[in-house]
Structures are given as structure tokens and as C-alpha cells.
file query-v1.txt (compact mmCIF, C-alpha atoms)
# COMPACT_ATOMS: atom_id res chain seq x y z
CA MET A 1 50.63 -177.34 -172.14
CA GLU A 2 53.25 -176.55 -169.50
CA ASP A 3 54.10 -172.95 -168.66
CA VAL A 4 57.84 -173.62 -168.34
CA VAL A 5 59.90 -176.74 -168.97
CA ILE A 6 63.46 -176.86 -167.67
CA VAL A 7 65.82 -179.51 -169.00
CA GLY A 8 68.30 -180.56 -166.31
CA ALA A 9 68.04 -180.77 -162.51
CA GLY A 10 71.49 -179.42 -161.73
CA ILE A 11 72.23 -176.16 -159.94
CA ALA A 12 70.99 -173.94 -162.78
CA GLY A 13 67.83 -175.96 -163.39
CA LEU A 14 66.71 -176.27 -159.78
CA ALA A 15 67.59 -172.65 -158.95
CA THR A 16 65.65 -171.41 -161.99
CA ALA A 17 62.64 -173.51 -161.01
CA LEU A 18 62.80 -172.04 -157.50
CA ALA A 19 63.13 -168.47 -158.79
CA LEU A 20 60.04 -169.01 -160.95
CA LYS A 21 58.16 -170.54 -158.03
CA ARG A 22 58.79 -167.38 -156.01
CA ALA A 23 56.86 -165.52 -158.72
CA GLY A 24 54.07 -168.10 -158.83
CA VAL A 25 55.19 -169.70 -162.10
CA GLU A 26 55.05 -173.50 -162.22
CA ALA A 27 57.95 -175.23 -163.93
CA LEU A 28 58.43 -178.87 -164.87
CA VAL A 29 62.05 -180.02 -164.51
CA LEU A 30 63.17 -182.92 -166.70
CA GLU A 31 66.23 -184.84 -165.47
CA ARG A 32 67.72 -187.74 -167.39
CA SER A 33 69.30 -189.36 -164.31
CA GLU A 34 67.40 -191.44 -161.78
CA GLY A 35 68.02 -188.91 -159.01
CA LEU A 36 69.83 -185.68 -158.20
CA ARG A 37 73.40 -185.81 -159.48
CA ALA A 38 76.27 -184.62 -157.30
CA THR A 39 79.25 -185.09 -159.60
CA GLY A 40 82.10 -182.98 -158.28
CA ALA A 41 81.39 -183.66 -154.58
CA ALA A 42 81.68 -180.00 -153.52
CA LEU A 43 81.99 -176.48 -154.84
CA THR A 44 83.07 -173.09 -153.56
CA LEU A 45 80.51 -170.31 -153.43
CA PHE A 46 81.79 -166.73 -153.57
CA PRO A 47 79.84 -163.65 -152.37
CA ASN A 48 77.95 -163.32 -155.67
CA ALA A 49 76.50 -166.80 -155.19
CA TRP A 50 75.33 -165.96 -151.67
CA VAL A 51 73.59 -162.85 -153.00
CA ALA A 52 71.71 -165.10 -155.43
CA LEU A 53 70.93 -167.68 -152.73
CA ASP A 54 69.62 -164.89 -150.53
CA ALA A 55 67.32 -163.77 -153.35
CA LEU A 56 66.11 -167.37 -153.68
CA GLY A 57 65.45 -167.49 -149.93
CA ILE A 58 67.78 -170.36 -148.95
CA SER A 59 71.09 -168.70 -148.05
CA GLN A 60 70.64 -169.18 -144.30
CA ASN A 61 69.90 -172.89 -144.76
CA LEU A 62 73.44 -173.38 -146.07
CA ALA A 63 75.35 -170.59 -144.33
CA SER A 64 74.52 -172.13 -140.96
CA LEU A 65 76.25 -175.36 -142.02
CA TYR A 66 79.44 -174.04 -143.62
CA ALA A 67 81.91 -171.51 -142.27
CA PRO A 68 83.52 -168.86 -144.52
CA THR A 69 87.16 -169.25 -145.48
CA LYS A 70 89.50 -167.14 -143.33
CA LYS A 71 92.63 -166.98 -145.48
CA GLY A 72 94.11 -168.34 -148.66
CA TYR A 73 97.69 -169.46 -149.22
CA VAL A 74 99.21 -169.87 -152.69
CA THR A 75 102.51 -171.77 -152.83
CA ASN A 76 104.68 -171.44 -155.93
CA LEU A 77 106.08 -174.93 -156.56
CA ASP A 78 108.95 -173.50 -158.61
CA THR A 79 110.31 -171.12 -155.96
CA GLY A 80 108.67 -172.17 -152.71
CA GLU A 81 107.33 -168.64 -152.24
CA ILE A 82 103.99 -168.36 -150.44
CA GLN A 83 101.46 -165.60 -151.00
CA ASP A 84 98.63 -165.19 -148.50
CA ILE A 85 95.21 -163.69 -149.13
CA SER A 86 93.05 -162.45 -146.28
CA PHE A 87 89.27 -162.72 -146.45
CA VAL A 88 88.73 -160.44 -143.45
CA ALA A 89 87.05 -157.13 -144.24
CA SER A 90 88.20 -153.82 -142.76
CA ASN A 91 85.41 -154.03 -140.17
CA GLY A 92 86.60 -157.45 -139.05
CA ASP A 93 83.86 -159.47 -140.75
CA LEU A 94 84.73 -162.64 -142.65
CA VAL A 95 83.85 -162.13 -146.32
CA GLY A 96 85.54 -165.20 -147.74
CA PRO A 97 83.91 -167.85 -149.90
CA ARG A 98 82.26 -170.92 -148.38
CA SER A 99 82.81 -174.38 -149.78
CA VAL A 100 79.72 -176.59 -149.61
CA HIS A 101 78.71 -180.13 -150.51
CA ARG A 102 77.18 -180.06 -153.98
CA LYS A 103 74.47 -182.47 -152.85
CA ALA A 104 73.59 -180.17 -149.94
CA LEU A 105 73.07 -177.27 -152.35
CA LEU A 106 70.97 -179.37 -154.71
CA ASN A 107 68.83 -180.70 -151.85
CA ALA A 108 68.36 -177.19 -150.43
CA LEU A 109 67.03 -176.05 -153.80
CA ALA A 110 64.94 -179.17 -154.51
CA ASP A 111 63.33 -179.16 -151.04
CA GLN A 112 61.71 -175.81 -151.86
CA LEU A 113 60.04 -177.07 -155.03
CA PRO A 114 56.55 -178.60 -155.25
CA ILE A 115 56.32 -182.38 -155.08
CA ASN A 116 56.50 -184.03 -158.52
CA SER A 117 57.91 -180.91 -160.16
CA ILE A 118 61.08 -182.90 -161.01
CA ARG A 119 60.59 -185.79 -163.43
CA PHE A 120 63.56 -188.15 -163.28
CA SER A 121 64.70 -190.67 -165.94
CA SER A 122 63.47 -188.24 -168.60
CA LYS A 123 65.70 -188.03 -171.66
CA LEU A 124 65.03 -185.37 -174.28
CA THR A 125 65.53 -186.56 -177.85
CA ALA A 126 64.25 -183.74 -180.06
CA ILE A 127 62.95 -180.18 -180.00
CA GLU A 128 60.73 -178.39 -182.46
CA THR A 129 58.67 -175.21 -182.42
CA GLN A 130 55.09 -174.66 -183.47
CA GLU A 131 52.87 -171.65 -184.00
CA HIS A 132 50.04 -171.52 -181.48
CA GLU A 133 47.55 -168.66 -181.40
CA GLY A 134 50.01 -166.33 -183.09
CA SER A 135 53.03 -167.17 -180.94
CA SER A 136 55.75 -169.81 -180.76
CA ILE A 137 55.58 -172.79 -178.39
CA SER A 138 58.07 -175.61 -177.91
CA ILE A 139 57.36 -179.23 -178.68
CA ILE A 140 59.63 -181.52 -176.65
CA HIS A 141 60.02 -185.17 -177.62
CA MET A 142 61.14 -187.62 -174.93
CA SER A 143 62.84 -191.00 -175.34
CA ASP A 144 59.77 -192.87 -174.03
CA GLY A 145 57.56 -191.34 -176.72
CA THR A 146 56.08 -188.63 -174.51
CA VAL A 147 55.49 -185.26 -176.17
CA ILE A 148 55.42 -182.14 -173.98
CA LYS A 149 54.34 -178.67 -175.06
CA ALA A 150 55.76 -175.62 -173.30
CA LYS A 151 55.34 -171.87 -173.47
CA VAL A 152 58.98 -171.53 -172.39
CA LEU A 153 61.84 -174.03 -172.70
CA ILE A 154 65.04 -173.49 -170.68
CA GLY A 155 68.08 -175.68 -171.27
CA CYS A 156 70.02 -176.28 -168.07
CA ASP A 157 71.39 -179.57 -169.34
CA GLY A 158 75.09 -178.98 -168.85
CA VAL A 159 78.20 -178.68 -170.98
CA HIS A 160 76.92 -180.97 -173.74
CA SER A 161 73.50 -179.36 -173.86
CA VAL A 162 70.92 -180.64 -176.32
CA VAL A 163 69.10 -177.30 -176.10
CA ALA A 164 72.27 -175.27 -176.77
CA ARG A 165 72.97 -177.46 -179.80
CA TRP A 166 69.45 -176.85 -181.07
CA LEU A 167 69.99 -173.09 -180.69
CA GLY A 168 73.10 -173.40 -182.85
CA LEU A 169 75.65 -172.52 -180.17
CA ALA A 170 79.17 -173.67 -180.96
CA GLU A 171 80.29 -176.75 -179.04
CA PRO A 172 82.51 -176.25 -175.97
CA VAL A 173 86.22 -176.94 -176.52
CA TYR A 174 88.85 -178.73 -174.47
CA SER A 175 91.06 -176.34 -172.51
CA GLY A 176 94.05 -178.68 -172.64
CA ARG A 177 93.75 -179.37 -168.91
CA SER A 178 92.08 -182.06 -166.84
CA ALA A 179 90.89 -182.05 -163.24
CA VAL A 180 90.58 -184.57 -160.43
CA ARG A 181 88.28 -183.72 -157.53
CA GLY A 182 87.39 -185.53 -154.35
CA LEU A 183 86.44 -185.45 -150.68
CA ALA A 184 88.85 -186.54 -147.96
CA VAL A 185 87.34 -187.89 -144.76
CA PHE A 186 89.02 -187.79 -141.34
CA PRO A 187 86.73 -189.62 -138.88
CA GLN A 188 88.60 -188.23 -135.88
CA GLY A 189 88.80 -184.72 -137.32
CA HIS A 190 91.48 -183.11 -139.51
CA GLY A 191 92.46 -180.34 -137.07
CA LEU A 192 93.05 -177.74 -139.79
CA ASP A 193 91.96 -174.10 -139.83
CA ASN A 194 89.35 -173.10 -142.35
CA ASN A 195 91.90 -171.84 -144.89
CA VAL A 196 92.32 -172.70 -148.55
CA GLN A 197 95.71 -174.02 -149.64
CA GLN A 198 96.81 -173.87 -153.28
CA TYR A 199 99.95 -175.07 -155.06
CA ILE A 200 100.78 -173.81 -158.54
CA GLY A 201 103.55 -174.24 -161.10
CA LEU A 202 105.15 -176.84 -163.34
CA GLY A 203 101.94 -177.14 -165.34
CA ARG A 204 99.91 -178.05 -162.28
CA ARG A 205 97.44 -176.48 -159.90
CA ALA A 206 96.33 -178.26 -156.75
CA GLY A 207 94.67 -177.38 -153.50
CA PHE A 208 92.29 -178.19 -150.69
CA VAL A 209 89.83 -176.48 -148.36
CA PRO A 210 87.97 -177.85 -145.31
CA LEU A 211 84.22 -178.34 -145.67
CA THR A 212 83.56 -179.45 -142.10
CA ASP A 213 85.76 -180.45 -139.18
CA LYS A 214 85.96 -183.97 -140.66
CA GLU A 215 85.83 -183.44 -144.44
CA ILE A 216 88.17 -181.68 -146.86
CA TYR A 217 87.50 -180.90 -150.51
CA TRP A 218 90.57 -181.26 -152.73
CA PHE A 219 91.40 -180.84 -156.41
CA PHE A 220 94.24 -181.35 -158.85
CA THR A 221 94.48 -179.97 -162.39
CA CYS A 222 97.20 -180.53 -164.94
CA THR A 223 98.20 -179.46 -168.43
CA PHE A 224 100.11 -182.57 -169.40
CA PRO A 225 98.25 -185.54 -170.87
CA ALA A 226 96.33 -187.51 -168.27
CA LYS A 227 95.01 -191.04 -168.52
CA GLY A 228 91.54 -189.62 -168.32
CA ALA A 229 89.65 -191.91 -170.64
CA ASP A 230 91.27 -194.96 -169.06
CA MET A 231 90.82 -194.08 -165.39
CA ALA A 232 87.68 -191.93 -165.30
CA ASP A 233 85.63 -194.81 -163.86
CA GLU A 234 88.36 -196.25 -161.66
CA PRO A 235 88.65 -194.17 -158.46
CA GLU A 236 91.40 -196.32 -156.98
CA VAL A 237 93.50 -195.76 -160.10
CA ILE A 238 92.80 -192.02 -159.98
CA LYS A 239 93.94 -191.82 -156.36
CA ARG A 240 97.08 -193.85 -157.00
CA GLU A 241 98.03 -191.81 -160.07
CA VAL A 242 97.70 -188.53 -158.16
CA ILE A 243 99.72 -189.72 -155.15
CA GLU A 244 102.40 -191.73 -156.92
CA ASN A 245 102.79 -189.78 -160.13
CA TYR A 246 101.26 -186.37 -160.74
CA ALA A 247 101.46 -184.95 -157.19
CA LYS A 248 104.25 -187.04 -155.69
CA ASP A 249 106.46 -183.99 -155.02
CA LEU A 250 103.74 -181.87 -153.42
CA PRO A 251 103.86 -181.18 -149.65
CA PRO A 252 103.06 -184.15 -147.37
CA ILE A 253 99.93 -182.44 -146.04
CA TYR A 254 98.41 -182.42 -149.53
CA LEU A 255 99.27 -186.08 -150.15
CA ASP A 256 97.77 -186.99 -146.77
CA VAL A 257 94.52 -185.30 -147.76
CA VAL A 258 94.40 -187.24 -151.03
CA GLN A 259 95.24 -190.47 -149.15
CA HIS A 260 92.10 -190.02 -147.02
CA SER A 261 89.82 -189.73 -150.05
CA ASP A 262 86.37 -191.25 -150.08
CA LEU A 263 86.68 -193.21 -153.32
CA SER A 264 83.00 -192.77 -154.16
CA THR A 265 83.59 -189.00 -154.52
CA LEU A 266 86.60 -189.12 -156.86
CA THR A 267 86.07 -187.85 -160.39
CA TRP A 268 88.29 -187.12 -163.36
CA ALA A 269 87.11 -184.82 -166.14
CA PRO A 270 88.55 -182.77 -169.00
CA LEU A 271 88.09 -179.03 -168.42
CA MET A 272 85.85 -177.63 -171.15
CA PHE A 273 84.82 -174.08 -171.97
CA ARG A 274 82.95 -172.15 -174.63
CA TYR A 275 84.86 -169.45 -176.43
CA PRO A 276 83.71 -166.05 -175.06
CA TRP A 277 83.02 -164.70 -178.54
CA HIS A 278 80.61 -167.57 -179.16
CA VAL A 279 78.66 -166.35 -176.13
CA VAL A 280 78.84 -162.70 -177.18
CA PHE A 281 77.82 -163.28 -180.80
CA GLY A 282 76.05 -166.65 -180.58
CA ASN A 283 72.35 -167.48 -180.39
CA LEU A 284 71.63 -167.73 -176.68
CA ASN A 285 67.90 -167.65 -177.33
CA LYS A 286 65.41 -168.25 -180.10
CA GLN A 287 61.80 -167.21 -179.60
CA ASN A 288 60.71 -168.87 -176.32
CA ILE A 289 63.83 -171.05 -175.87
CA THR A 290 67.03 -170.21 -174.01
CA VAL A 291 69.80 -171.72 -171.90
CA ALA A 292 71.37 -171.14 -168.48
CA GLY A 293 74.31 -172.40 -166.42
CA ASP A 294 76.85 -174.64 -168.14
CA ALA A 295 74.51 -175.02 -171.10
CA MET A 296 75.13 -171.34 -171.83
CA HIS A 297 78.58 -170.61 -170.46
CA PRO A 298 80.78 -173.61 -169.58
CA MET A 299 84.02 -172.29 -168.09
CA THR A 300 87.16 -173.62 -166.44
CA PRO A 301 87.02 -173.76 -162.61
CA ASP A 302 89.90 -171.38 -161.91
CA LEU A 303 87.69 -168.61 -160.50
CA ALA A 304 85.15 -171.08 -159.04
CA GLN A 305 82.38 -169.26 -160.91
CA GLY A 306 80.57 -172.08 -162.72
CA GLY A 307 78.02 -172.74 -159.99
CA CYS A 308 78.02 -169.12 -158.82
CA SER A 309 77.14 -167.75 -162.26
CA ALA A 310 74.46 -170.45 -162.69
CA LEU A 311 72.74 -169.14 -159.55
CA GLU A 312 72.95 -165.61 -160.95
CA ASP A 313 71.35 -166.81 -164.20
CA ALA A 314 68.45 -168.30 -162.26
CA VAL A 315 67.68 -165.09 -160.38
CA VAL A 316 67.90 -162.89 -163.48
CA LEU A 317 65.80 -165.24 -165.63
CA GLY A 318 63.26 -165.75 -162.84
CA ARG A 319 62.98 -161.98 -162.37
CA HIS A 320 62.27 -161.28 -166.05
CA ILE A 321 59.76 -164.10 -166.54
CA GLY A 322 58.20 -163.42 -163.14
CA LYS A 323 57.57 -159.75 -163.94
CA SER A 324 55.76 -160.68 -167.14
CA PHE A 325 53.71 -163.33 -165.33
CA ILE A 326 52.63 -161.01 -162.51
CA GLN A 327 51.83 -158.10 -164.83
CA ASN A 328 49.55 -160.29 -166.97
CA GLY A 329 48.29 -162.71 -164.33
CA ARG A 330 49.55 -165.55 -166.50
CA LEU A 331 52.37 -166.47 -168.87
CA VAL A 332 51.65 -164.85 -172.24
CA PRO A 333 53.49 -166.72 -175.03
CA LYS A 334 53.60 -163.63 -177.26
CA GLU A 335 55.71 -161.78 -174.67
CA MET A 336 58.21 -164.56 -174.00
CA ALA A 337 60.60 -163.84 -176.89
CA VAL A 338 61.10 -160.24 -175.68
CA THR A 339 61.24 -161.28 -172.01
CA ILE A 340 63.86 -163.95 -172.62
CA GLY A 341 65.78 -161.56 -174.87
CA LYS A 342 66.12 -159.14 -171.93
CA TYR A 343 67.55 -161.93 -169.78
CA VAL A 344 70.07 -162.88 -172.45
CA GLU A 345 71.28 -159.33 -172.95
CA GLU A 346 71.69 -158.86 -169.20
CA ARG A 347 73.83 -161.99 -168.94
CA ARG A 348 75.73 -162.18 -172.23
CA TRP A 349 78.72 -159.91 -171.53
CA ARG A 350 79.07 -160.79 -167.86
CA VAL A 351 79.39 -164.53 -168.43
CA ALA A 352 81.67 -163.99 -171.45
CA LEU A 353 84.03 -162.01 -169.21
CA LEU A 354 83.86 -164.72 -166.55
CA ILE A 355 84.83 -167.35 -169.12
CA ALA A 356 87.77 -165.24 -170.28
CA GLY A 357 88.86 -164.39 -166.74
CA SER A 358 88.71 -168.03 -165.64
CA TYR A 359 90.72 -169.23 -168.61
CA LEU A 360 93.34 -166.48 -168.19
CA SER A 361 93.64 -167.20 -164.47
CA GLY A 362 94.22 -170.89 -165.06
CA TRP A 363 96.64 -170.35 -167.93
CA VAL A 364 98.82 -167.91 -165.99
CA GLN A 365 98.84 -169.92 -162.77
CA GLN A 366 99.75 -173.20 -164.45
CA ALA A 367 102.17 -171.80 -167.01
CA GLY A 368 105.84 -172.72 -167.13
CA SER A 369 108.63 -171.63 -164.83
CA GLY A 370 110.60 -169.44 -167.27
CA TRP A 371 111.52 -165.92 -166.17
CA GLY A 372 109.02 -164.39 -168.59
CA MET A 373 106.09 -166.37 -167.26
CA LYS A 374 107.25 -165.88 -163.69
CA PHE A 375 107.31 -162.10 -164.23
CA LEU A 376 103.87 -162.17 -165.88
CA ARG A 377 102.42 -164.29 -163.08
CA ASP A 378 104.00 -162.72 -160.00
CA ALA A 379 104.64 -159.10 -161.00
CA ILE A 380 101.63 -158.44 -163.23
CA PHE A 381 98.89 -161.04 -162.78
CA TYR A 382 98.86 -161.42 -158.99
CA ARG A 383 99.71 -157.79 -158.32
CA PHE A 384 97.27 -156.12 -160.70
CA LEU A 385 95.02 -158.35 -162.84
CA TYR A 386 93.97 -160.95 -160.28
CA LEU A 387 92.37 -158.41 -157.95
CA LYS A 388 90.41 -156.93 -160.86
CA ILE A 389 89.23 -160.38 -161.92
CA VAL A 390 88.24 -161.29 -158.37
CA LYS A 391 85.98 -158.23 -158.28
CA PHE A 392 83.70 -160.15 -160.62
CA THR A 393 82.91 -162.44 -157.69
CA ARG A 394 81.39 -159.53 -155.74
CA TYR A 395 78.66 -159.02 -158.34
CA ASP A 396 75.08 -158.39 -157.22
CA CYS A 397 72.55 -160.03 -159.50
CA GLY A 398 69.69 -158.25 -157.73
CA LYS A 399 66.58 -159.43 -155.95
CA LEU A 400 63.55 -161.29 -157.20
CA SER A 401 61.60 -158.04 -157.25
CA PHE A 402 58.43 -158.34 -159.27
call {"tool": "encode", "arguments": {"input": "query-v1.txt", "output": "C-alpha cells"}}
result
Amino acid sequence: MEDVVIVGAGIAGLATALALKRAGVEALVLERSEGLRATGAALTLFPNAWVALDALGISQNLASLYAPTKKGYVTNLDTGEIQDISFVASNGDLVGPRSVHRKALLNALADQLPINSIRFSSKLTAIETQEHEGSSISIIHMSDGTVIKAKVLIGCDGVHSVVARWLGLAEPVYSGRSAVRGLAVFPQGHGLDNNVQQYIGLGRRAGFVPLTDKEIYWFFTCTFPAKGADMADEPEVIKREVIENYAKDLPPIYLDVVQHSDLSTLTWAPLMFRYPWHVVFGNLNKQNITVAGDAMHPMTPDLAQGGCSALEDAVVLGRHIGKSFIQNGRLVPKEMAVTIGKYVEERRWRVALLIAGSYLSGWVQQAGSGWGMKFLRDAIFYRFLYLKIVKFTRYDCGKLSF
């Protein structure tokens, strides 16, 4: 009998395991891959993510390696107009997001966990529940025939989560957009300031931001049909399509960044999300089983909140389970349904709003060039709504106070 079993060793899974460890709760993490996965190459962490990382005790490990973004520039491809966004606070401090290597974040989390707490090449095939001493426990069936019993089961197994499906959550839907992401490498240094550049319009959104003095993270999203299924596993084709077709009229500096791509980091993926109302009204938990991260709230990347909100989930879930564990000196199965229910209610509306805000942000920024959309984007969205949406990134998920 395991106290907690976490399915998935991504950001949400590892962060949740670490949050539980801080409370003294042992968790077994089951990962279907042979090692830590770093699909996506890099991600941007806003202030809310750093609050969560601070609660987990690893913020300084990463902050010392990556500098905060100084400014952001958004170029309208239709008009050529450039809007700049400063990330300097009134006291002169830099408060901008930091973009980090995804693998560095995963390693920072995994390095804090006990040896053998992550079991790789472990594929979950079925879930059932069983009454045990008057409370519900989870029975987890693995592809190799192994059966694991757990007092708590947490699905952190991504967009196509087996645990979310078992809970009855509606499947994520395709947003109508696709994204290419990659890392550009400049062995002699790129010489750019630590600013984020974005280009929007004509159904596209593209951009890049330096990670280090030699590496740049770049992305490209589009609304028109992409040859995704055909080129997803062909990085050279992805690179050529971006340079010669989809982004051929973008500024030379952007094309130069794409030209310097490390092919091993290039990925193409459809952008999926779960309808907010399915999160608000759906079953996010059942007895001692729940979900976190993309398994709960897959969202489009337009606010860069997928990884950030997963870290929030971990802290909140770890805090609720940890309190119960410390109060009782052990994990009491009878209390887990109520404990997990508190976590779900704390997270439900926040992540639903993040999903909606991300989708709205992407839709407005990549919409057409007609006067109506231009007015909505420039006069209303950027002037009023965007600042309100961005406030969501300054959220404080709290400490791991037990």
C-alpha cells in the first residue's frame, strides 16, 4: 500500500511529489517514458511560478541561472506598429518573467526527491477503487501486470490523461491553432538584450526570448492548416516550412533565430485546451483520486501559464494533504476525499479563468486585420483587458505551511 501514487513525471507530477516530501509524505511517481521528458525545450515562468518554486524551496537554484526579461516588444505585422512593455517596477527592480530550459526545471525538481521515488517505463492501463477499512483506496493496474494500491492517486499525466478520463472529465479540444517551438544556438553568442520579441497578425503569432547568452527560445503559432501530422517527427521539414513558407515575411532577425535551431529541440503540436465550463462543472476529483497540471486544465500557451499553474497546483495540493498528514501523524484514507475536495475547490475557478484568458488572448492577437478586429485588439484588448488578464500571473498560491 502506497500513501500517494502520482501518474506522470512532468512539471506537475514532480512538483507535487516535492511538495508532499516537504510535509513528510512519500509519493511514488509513475512515468511511462524511459526518462524525464523535456518536450517543448523551454518555458517562461511568470512571478506566480516563482512564488510556487520558492514555496518548494528551489527558486534560487534556477533564478541564479536565468535572468529576468527586461522589456517586451509586440510588432503588429499588419501595420508595423510596435508596442513595448516594461518589466521594471517603480522601485527599479526587474519583475519580468524568466525563460528556463524545461529539462533544467525538471532536474531541479527531481534532484530533491528520494532515490527510486520515480519509476520509469511504467504505463498505467486501468484504475479501479476498492473499499478498505471503511474508506476508498485506488487499485492501479500497470502494463507489466503489476498492481499497486494507493491511499491517494493523483493524475499528472498530461493533456490526454488516463486519470482525467477515468474521472469522467470531457476530452480536451483542438483550438484550431498549431505551434512550433525550438531552441536556437549561437556558439559565439547572439549579442541580444534579454528582451522578448513578438510578432502578431495575419493569423500568426511568433516570437523569441534569450535563455542564455548563447541560446534563444523561439515559437511560431498559426491558425491556418499546418502539415502537422506529416512533419511532426521531421525537424528539418519543420524548420524549412517555417523559414520558407509560414514565416518567410517576418523580420530577418526572427528568421536568423529559426535558422540557428538545434534540430533535436524542434517540436510541432496542435494547441489543445479544455473548455472552462468543463473544469467548473466537471468531476475534478472522486473520493481519493484527483488530477493536476495539464491533466486538469490544459490551456493554450498565450499567457504562458501552463507550467506556472501546474506549479501552483502542486503547492496547493501538497499543503492540503500535508496538513492532514501532520495533524494525524499519518495519511488517513477516510479524510482524503474531503482533503482533496478542498484542493479542487481552491483551484477550480482560478484555472478555468486562466484557460479562458489564454484562449481569448490568443484569439484576439492572431485574429484578422479588418478594422473591427484591429479596434478590438489595439483599442480595447491591449489597452484594458490585457493588463487585467496579466494580473493573473501575479497570483500568490501561498506557502507550504502545515
call {"tool": "residues_around", "arguments": {"input": "query-v1.txt", "residues": "A:Arg274", "least_positions_apart": "2", "cutoff": "12 Å", "atoms": "all atoms listed in the file", "output": "count of residues only"}}
result
37
call {"tool": "atom_distance", "arguments": {"input": "query-v1.txt", "atom1": "atom CA of A:Arg350", "atom2": "atom CA of A:Val25"}}
result
26.1 Å
call {"tool": "closest_residue", "arguments": {"input": "query-v1.txt", "among": "A:Lys71, A:Arg32, A:Lys214, A:Lys149", "to": "A:Thr125", "atoms": "only C-alpha atoms"}}
result
A:Arg32
call {"tool": "closest_atom_pairs", "arguments": {"input": "query-v1.txt", "of": "stretch 77-116 of chain A", "to": "stretch 245-250 of chain A", "cutoff": "12 Å", "atoms": "all atoms listed in the file", "output": "JSON lines"}}
result
{"residue": "A:Leu77", "atom": "CA", "partner": "A:Leu250", "partner_atom": "CA", "distance": 8.0}
{"residue": "A:Asp78", "atom": "CA", "partner": "A:Leu250", "partner_atom": "CA", "distance": 11.1}
{"residue": "A:Gly80", "atom": "CA", "partner": "A:Leu250", "partner_atom": "CA", "distance": 10.9}
call {"tool": "closest_residue", "arguments": {"input": "query-v1.txt", "among": "A:Ile289, A:Ile243, A:Ala337, A:Val180", "to": "A:Trp166", "atoms": "all atoms listed in the file"}}
result
A:Ile289
call {"tool": "atom_distance", "arguments": {"input": "query-v1.txt", "atom1": "atom CA of A:Ser33", "atom2": "atom CA of A:Leu124"}}
result
11.6 Å
call {"tool": "atom_distance", "arguments": {"input": "query-v1.txt", "atom1": "atom CA of A:Leu30", "atom2": "atom CA of A:Ile321"}}
result
19.1 Å
call {"tool": "residues_around", "arguments": {"input": "query-v1.txt", "residues": "A:Arg319", "least_positions_apart": "6", "cutoff": "9 Å", "atoms": "all atoms listed in the file", "output": "MDAnalysis selection string"}}
result
chainID A and resid 19:20 23 343 398:402
call {"tool": "write_last_selection", "arguments": {"input": "query-v1.txt", "atoms": "C-alpha atoms", "output": "compact mmCIF listing (two decimals), keeping the file's coordinate frame"}}
result
# COMPACT_ATOMS: atom_id res chain seq x y z
CA ALA A 19 63.13 -168.47 -158.79
CA LEU A 20 60.04 -169.01 -160.95
CA ALA A 23 56.86 -165.52 -158.72
CA TYR A 343 67.55 -161.93 -169.78
CA GLY A 398 69.69 -158.25 -157.73
CA LYS A 399 66.58 -159.43 -155.95
CA LEU A 400 63.55 -161.29 -157.20
CA SER A 401 61.60 -158.04 -157.25
CA PHE A 402 58.43 -158.34 -159.27
call {"tool": "closest_residue", "arguments": {"input": "query-v1.txt", "among": "A:Val332, A:Ala206, A:Ile11, A:Ala49", "to": "A:Glu133", "atoms": "only C-alpha atoms"}}
result
A:Val332
call {"tool": "closest_residue", "arguments": {"input": "query-v1.txt", "among": "A:Ser264, A:Ser361, A:Thr339, A:Gln259", "to": "A:Asn285", "atoms": "only C-alpha atoms"}}
result
A:Thr339
call {"tool": "closest_atom_pairs", "arguments": {"input": "query-v1.txt", "of": "stretch 87-155 of chain A", "to": "stretch 307-314 of chain A", "cutoff": "12 Å", "atoms": "only C-alpha atoms", "output": "Markdown table"}}
result
| residue | atom | partner | partner_atom | distance |
| --- | --- | --- | --- | --- |
| A:Pro97 | CA | A:Cys308 | CA | 10.8 |
| A:Arg98 | CA | A:Cys308 | CA | 11.4 |
| A:Ser99 | CA | A:Gly307 | CA | 11.4 |
| A:Val100 | CA | A:Gly307 | CA | 11.2 |
| A:Arg102 | CA | A:Gly307 | CA | 9.5 |
| A:Leu105 | CA | A:Gly307 | CA | 10.2 |
| A:Leu106 | CA | A:Gly307 | CA | 11.0 |
| A:Leu109 | CA | A:Leu311 | CA | 10.6 |
| A:Ile154 | CA | A:Ala314 | CA | 10.5 |
| A:Gly155 | CA | A:Ala314 | CA | 11.7 |
call {"tool": "build_atoms", "arguments": {"input": "query-v1.txt", "residues": "stretch 141-153 of chain A", "atoms": "N, CA and C atoms", "output": "mmCIF file, keeping the file's coordinate frame"}}
result
data_model
loop_
_atom_site.group_PDB
_atom_site.id
_atom_site.type_symbol
_atom_site.label_atom_id
_atom_site.label_comp_id
_atom_site.auth_asym_id
_atom_site.auth_seq_id
_atom_site.Cartn_x
_atom_site.Cartn_y
_atom_site.Cartn_z
ATOM 1 N N HIS A 141 60.200 -183.722 -177.443
ATOM 2 C CA HIS A 141 60.020 -185.170 -177.620
ATOM 3 C C HIS A 141 60.954 -185.910 -176.654
ATOM 4 N N MET A 142 60.380 -186.855 -175.909
ATOM 5 C CA MET A 142 61.140 -187.620 -174.930
ATOM 6 C C MET A 142 61.418 -189.032 -175.450
ATOM 7 N N SER A 143 62.411 -189.682 -174.862
ATOM 8 C CA SER A 143 62.840 -191.000 -175.340
ATOM 9 C C SER A 143 61.756 -192.071 -175.178
ATOM 10 N N ASP A 144 60.832 -191.871 -174.233
ATOM 11 C CA ASP A 144 59.770 -192.870 -174.030
ATOM 12 C C ASP A 144 58.549 -192.600 -174.898
ATOM 13 N N GLY A 145 58.665 -191.648 -175.812
ATOM 14 C CA GLY A 145 57.560 -191.340 -176.720
ATOM 15 C C GLY A 145 56.674 -190.211 -176.252
ATOM 16 N N THR A 146 56.873 -189.740 -175.038
ATOM 17 C CA THR A 146 56.080 -188.630 -174.510
ATOM 18 C C THR A 146 56.377 -187.341 -175.277
ATOM 19 N N VAL A 147 55.344 -186.564 -175.523
ATOM 20 C CA VAL A 147 55.490 -185.260 -176.170
ATOM 21 C C VAL A 147 54.961 -184.197 -175.210
ATOM 22 N N ILE A 148 55.788 -183.198 -174.927
ATOM 23 C CA ILE A 148 55.420 -182.140 -173.980
ATOM 24 C C ILE A 148 55.439 -180.803 -174.710
ATOM 25 N N LYS A 149 54.399 -180.007 -174.506
ATOM 26 C CA LYS A 149 54.340 -178.670 -175.060
ATOM 27 C C LYS A 149 54.638 -177.652 -173.965
ATOM 28 N N ALA A 150 55.386 -176.605 -174.306
ATOM 29 C CA ALA A 150 55.760 -175.620 -173.300
ATOM 30 C C ALA A 150 55.746 -174.217 -173.880
ATOM 31 N N LYS A 151 55.287 -173.273 -173.060
ATOM 32 C CA LYS A 151 55.340 -171.870 -173.470
ATOM 33 C C LYS A 151 56.766 -171.340 -173.430
ATOM 34 N N VAL A 152 57.579 -171.900 -172.501
ATOM 35 C CA VAL A 152 58.980 -171.530 -172.390
ATOM 36 C C VAL A 152 59.806 -172.789 -172.170
ATOM 37 N N LEU A 153 60.924 -172.906 -172.870
ATOM 38 C CA LEU A 153 61.840 -174.030 -172.700
ATOM 39 C C LEU A 153 63.210 -173.474 -172.307
#
